[in-house]
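Structure first, then comments.
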Amino acid sequence: MSEKKKNKKSISSKIQTKKIQVKESNIIFTARQKEALKLLSDKNNNHILLFGGSRSGKTYLLILAIVTRARKYKGSRHLIARLRFAHVKLSIWMDTLQKVLNDWVTKDKYILNATDHYVRFSNGSEIWIDGLDDKERVDKILGREYATIFFNEVSQLPFDTVTTVLTRLSQSIPGCANKAYYDCNPAGRLHWANKVFIQHTLPDGKPCGPGYACLKVNPDDNKANLPPRYIEDILARLPDAKKKRFLLGEWTDPEGTIFTNWDVQEITDEIRLHSRHSYGLDFGYSIDPAVLVDTYVNGDDIYFDELIYETQLTNRDLGNMMQGMVQEGVPIYADSAEPKSIEELRRAGLNVVGALKGPDSVRVGIDWLLAKHIHITERSMNAQMEASNYTWRTARDGDLQPVPIDDYNHFWDAARYSISEGIGEPDRVYHESAFSLSELGL
């Protein structure tokens with residue numbers, strides 16, 4: 001039997017329980033990719049992550065599994081989501097999804113709606129694509145139920161966003177086990193996806209429990225479907241940091257990561273007793289989360305504990321949550337560009353004040369933090385995710401610029417606000433002392 005026929009027989013037996021007509025395909029599945037398809041079809045797995053290097057076929061395999069589920073289960077609905085709609089439209093809608101459909105489904109079995117970006121099959125099932133970067137899109141997603149949700153490039157997504165969207169993994173289709181799929185080129189070692197799928201630990205420190213599975217799939221596992229010498233001439237010649245991520249599929253910090261001076265460490269009672277204590281608050285709502293961070297400054301050591309990192313919180317919601325969370329009398333430094341929000345929280349009895357902002361305050365705050373030893377608590381998984389992905393901008397020629405990207409910065413904005421009163425404090429003490437001495441005539 002040819003390799004091609006063996007592959008097709010494998011898919012039919014492992015993913016399908018009833019016969020589905022498929023086109024003759026030229027795709028050659030390697031042993032590793034067959035293992036991935038088996039993992040995706042295992043009824044014991046509800047959350048499955050495929051991670052690894054670039055062009056390894058991860059996304060193709062996941063979309064093939066979704067297309068197969070859609071055709072198998074009449075009237076089922078499936079979602080493919082990514083942080084930016086522009087990216088999911090380009091990479092999924094205009095590329096991989098079209099390839100999978102052309103490879104495995106005859107054109108009379110589906111229609112494409114290019115306006116609302118969904119596929120409808122002849123059995124009434126649908127596959128939708130969407131982004132999580134716009135309130136209206138998120139509201140639309142939350143207004144439907146799905147049998148499958150696929151988070152594409154999950155390394156870009158906060159844990160809170162994922163758990164919010166997962167509330168819609170609730171469509172009831174006879175015989176269909178609801179599943180969440182994930183893929184990524186690995187991010188930092190402390191990214192929440194690494195902790196959940198590799199270390200099997202949830203943000204609260206508890207074990208994930210059954211139903212979580214993952215598999216590394218690298219470019220070598222897809223070599224038969226890649227252009228000749230793509231791996232040798234392109235991936236193998238990348239800088240070391242990119243090579244680890246895009247060729248070897250290793251969990252490593254992205255090139256140009258701003259904060260490398262941090263670790264995971266708890267805040268002891270001794271530290272709390274002998275440190276300057278404050279809170280930092282960054283406002284958000286639909287896409288950007290509201291973030292509250294608990295901060296302790298002890299010399300050159302700064303300790304951060306993530307208290308709130310959630311979207312869809314009104315100021316009233318935020319105030320109610322903070323009431324039982326913050327220590328009375330301790331200042332809460334918030335974005336001074338939002339005086340109305342600050343005043344609403346103050347009227348709720350919270351000690352919220354506008355953070356001090358001077359010229360180039362973002363860069364000044366970053367520079368100040370870079371000179372310290374930063375410690376983030378174990379449970380602060382979104383903070384760790386941002387620390388692993390907050391980078392300097394890259395110019396078109398590939399050179400890093402001394403300007404941070406405007407992403408993965410919600411926790412860091414709150415952190416900067418929390419220490420804004422202390423930036424430059426030694427200089428103020430020095431000038432006040434000098435003034436006093438001059439008054440004495442010395």
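Chain labels follow the order of the structure tokens: the first chain is A, the next B, and so on; residue numbering restarts at 1 in every chain, and ligands are counted from 1 in their shown order.
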Exercise for the section: Can you list, as a ChimeraX atom specification, all residues belonging to stretch 95-257 of chain A that DSSP tags as alpha helix (DSSP H)? Expected result: /A:97-104,135-142,159-166,192-193,230-233,240-246
Exercise for the section: Find the residues near A:Trp392: any atom within 12 Å, counting only C-alpha atoms, skip ones fewer than 6 places away on the same chain, and give them as a list in words. Expected result: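 Within the cut-off, the hits are Pro254, Glu255, Gly256, Thr257, Ile258, Phe259, Arg363, Ile366, Gly398, Asp399, Leu400, Gln401, Pro402, Val403, Pro404, Ile405, Asp406, Asp407, Tyr408 and Asn409 of chain A.
Excluding stretch 261-272 of chain A itself and same-chain residues fewer than 2 positions from it, the residues having an atom within 8 Å of it are Phe259, His274, Ser275, His277, Tyr296, Asn298, Tyr303, Leu370, Lys372, His373, Ile374, His375, Ile376, Thr377 and Glu378 of chain A, counting only C-alpha atoms.
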Handout entry: Atom-to-atom span, atom CA of A:Leu273 and atom CA of A:Trp412, Å
Key =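 Taking atom CA of A:Leu273 and atom CA of A:Trp412, their separation equals 24.1 Å.
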Handout entry: Nearby residues (only C-alpha atoms) at most 12 Å from A:Phe283, same-chain spacing under 6 positions excluded, as a VMD selection string
Key = chain A and resid 289 to 293 308 to 315 317 to 319 333 to 342 345 354 410 to 411 413 to 414 417
Generate the output file for the selected residues, N, CA and C atoms, as a compact mmCIF listing (two decimals), in the first residue's frame.
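Done, and the output landed in result_28.txt:
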```txt
# COMPACT_ATOMS: atom_id res chain seq x y z
N PRO A 289 -6.79 44.29 29.46
CA PRO A 289 -7.28 43.98 30.80
C PRO A 289 -7.03 45.11 31.79
N ALA A 290 -7.85 45.18 32.81
CA ALA A 290 -7.53 46.01 33.98
C ALA A 290 -6.55 45.21 34.83
N VAL A 291 -5.50 45.87 35.29
CA VAL A 291 -4.45 45.17 36.04
C VAL A 291 -4.19 45.89 37.35
N LEU A 292 -4.18 45.12 38.43
CA LEU A 292 -3.79 45.63 39.74
C LEU A 292 -2.61 44.81 40.23
N VAL A 293 -1.52 45.50 40.57
CA VAL A 293 -0.32 44.81 41.04
C VAL A 293 0.04 45.31 42.43
N ILE A 308 -5.11 41.48 40.06
CA ILE A 308 -6.20 41.50 39.08
C ILE A 308 -5.59 41.59 37.68
N TYR A 309 -6.11 40.80 36.77
CA TYR A 309 -5.73 40.88 35.36
C TYR A 309 -6.93 40.36 34.58
N GLU A 310 -7.92 41.25 34.36
CA GLU A 310 -9.19 40.82 33.77
C GLU A 310 -9.74 41.86 32.82
N THR A 311 -10.44 41.38 31.80
CA THR A 311 -11.16 42.25 30.89
C THR A 311 -12.62 42.34 31.34
N GLN A 312 -13.37 43.22 30.68
CA GLN A 312 -14.81 43.38 30.90
C GLN A 312 -15.16 43.87 32.30
N LEU A 313 -14.24 44.54 32.98
CA LEU A 313 -14.53 45.08 34.31
C LEU A 313 -14.87 46.56 34.22
N THR A 314 -16.06 46.94 34.68
CA THR A 314 -16.37 48.36 34.81
C THR A 314 -15.64 48.91 36.02
N ASN A 315 -15.64 50.21 36.17
CA ASN A 315 -15.00 50.80 37.34
C ASN A 315 -15.69 50.35 38.63
N ASP A 317 -17.16 47.38 39.03
CA ASP A 317 -16.66 46.01 39.25
C ASP A 317 -15.27 46.05 39.86
N LEU A 318 -14.43 46.90 39.28
CA LEU A 318 -13.05 47.00 39.74
C LEU A 318 -12.99 47.46 41.19
N GLY A 319 -13.80 48.46 41.52
CA GLY A 319 -13.83 48.96 42.89
C GLY A 319 -14.28 47.91 43.88
N TYR A 333 -1.46 53.75 42.83
CA TYR A 333 -1.08 54.66 41.75
C TYR A 333 -1.67 54.17 40.43
N ALA A 334 -2.44 55.04 39.78
CA ALA A 334 -3.13 54.67 38.54
C ALA A 334 -2.74 55.63 37.42
N ASP A 335 -3.15 55.28 36.22
CA ASP A 335 -2.85 56.08 35.05
C ASP A 335 -3.48 57.47 35.20
N SER A 336 -2.65 58.50 35.30
CA SER A 336 -3.16 59.86 35.52
C SER A 336 -3.91 60.40 34.31
N ALA A 337 -3.84 59.70 33.17
CA ALA A 337 -4.58 60.12 31.98
C ALA A 337 -6.06 59.77 32.08
N GLU A 338 -6.46 59.09 33.16
CA GLU A 338 -7.87 58.72 33.34
C GLU A 338 -8.42 59.30 34.64
N PRO A 339 -8.54 60.63 34.74
CA PRO A 339 -8.99 61.27 35.98
C PRO A 339 -10.41 60.87 36.39
N LYS A 340 -11.29 60.62 35.39
CA LYS A 340 -12.66 60.24 35.72
C LYS A 340 -12.68 58.89 36.43
N SER A 341 -11.94 57.92 35.92
CA SER A 341 -11.89 56.60 36.54
C SER A 341 -11.28 56.69 37.93
N ILE A 342 -10.24 57.50 38.07
CA ILE A 342 -9.60 57.67 39.38
C ILE A 342 -10.59 58.25 40.38
N LEU A 345 -13.22 55.71 41.60
CA LEU A 345 -12.70 54.77 42.60
C LEU A 345 -12.44 55.47 43.93
N GLY A 354 -3.26 59.66 40.95
CA GLY A 354 -2.64 59.62 39.63
C GLY A 354 -1.14 59.41 39.75
N HIS A 410 0.55 45.60 29.79
CA HIS A 410 -0.49 46.00 30.74
C HIS A 410 0.00 45.83 32.18
N PHE A 411 0.58 44.68 32.46
CA PHE A 411 1.17 44.48 33.78
C PHE A 411 2.30 45.48 34.02
N ASP A 413 2.79 48.43 32.72
CA ASP A 413 2.28 49.78 32.97
C ASP A 413 1.85 49.93 34.43
N ALA A 414 1.09 48.94 34.93
CA ALA A 414 0.68 48.99 36.34
C ALA A 414 1.90 48.96 37.26
N TYR A 417 3.48 52.39 37.29
CA TYR A 417 2.71 53.33 38.10
C TYR A 417 2.98 53.11 39.58
```
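When only C-alpha atoms are used to compute distances to A:Ile287, the closest of the residues A:Thr59, A:Thr161, A:Asn218, A:Asn185 turns out to be A:Thr161.
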Exercise for the section: Based on DSSP run over this structure's backbone, return all residues of stretch 30-209 of chain A in strand (DSSP E or B), as a PyMOL selection string. Expected result: chain A and resi 47-51+77-82+110-113+118-121+126-131+148-151+179-184+201+207
Exercise for the section: Using only C-alpha atoms, determine which residues lie at most 8 Å from A:Phe246, disregarding the query and same-chain residues fewer than 5 positions distant; provide the list as number ranges by chain. Expected result: A: 52-54, 185, 235
Problem - Point-to-point distance in Å for atom CA of A:Lys244 and atom CA of A:Lys34 - result: 24.0 Å
Exercise for the section: Might you pull out every residue within 10 Å of A:Ser125, with only C-alpha atoms counted and same-chain residues fewer than 4 positions away left off, and present them as an MDAnalysis selection string? Expected result: chainID A and resid 67 69:78 110 119:121
Can those selected residues be exported to a file as a PDB file, in the first residue's frame so that it contains C-alpha atoms?
```pdb
ATOM      1  CA  VAL A  67     -12.694  20.361   9.245  1.00  0.00           C
ATOM      2  CA  ARG A  69     -15.130  17.305  13.082  1.00  0.00           C
ATOM      3  CA  ALA A  70     -17.301  19.854  11.269  1.00  0.00           C
ATOM      4  CA  ARG A  71     -18.116  17.393   8.493  1.00  0.00           C
ATOM      5  CA  LYS A  72     -18.700  14.537  10.905  1.00  0.00           C
ATOM      6  CA  TYR A  73     -21.026  16.324  13.347  1.00  0.00           C
ATOM      7  CA  LYS A  74     -24.031  17.891  11.648  1.00  0.00           C
ATOM      8  CA  GLY A  75     -24.795  21.462  12.714  1.00  0.00           C
ATOM      9  CA  SER A  76     -21.649  21.863  14.796  1.00  0.00           C
ATOM     10  CA  ARG A  77     -19.885  25.212  15.101  1.00  0.00           C
ATOM     11  CA  HIS A  78     -16.130  25.726  15.420  1.00  0.00           C
ATOM     12  CA  TYR A 110     -18.989  23.902   1.379  1.00  0.00           C
ATOM     13  CA  VAL A 119     -17.178  28.296   6.098  1.00  0.00           C
ATOM     14  CA  ARG A 120     -20.565  26.555   5.935  1.00  0.00           C
ATOM     15  CA  PHE A 121     -20.667  22.893   5.021  1.00  0.00           C
TER      16      PHE A 121
END
```
Handout entry: Contacts of A:Ser170 within 12 Å, only C-alpha atoms, excl. fewer than 6 positions in-chain, as a ChimeraX atom specification
Key = /A:76-79,142-149,176-180
Exercise for the section: Counting only C-alpha atoms, figure out which residue out of A:Ala224, A:Ala187, A:Met385, A:Ile423 gets nearest to A:Val297. Expected result: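 With only C-alpha atoms as the atom set, the closest residue is A:Ile423.
Computed from the coordinates, the atom CA of A:Asn44 to atom CA of A:Gly211 distance equals 5.8 Å.
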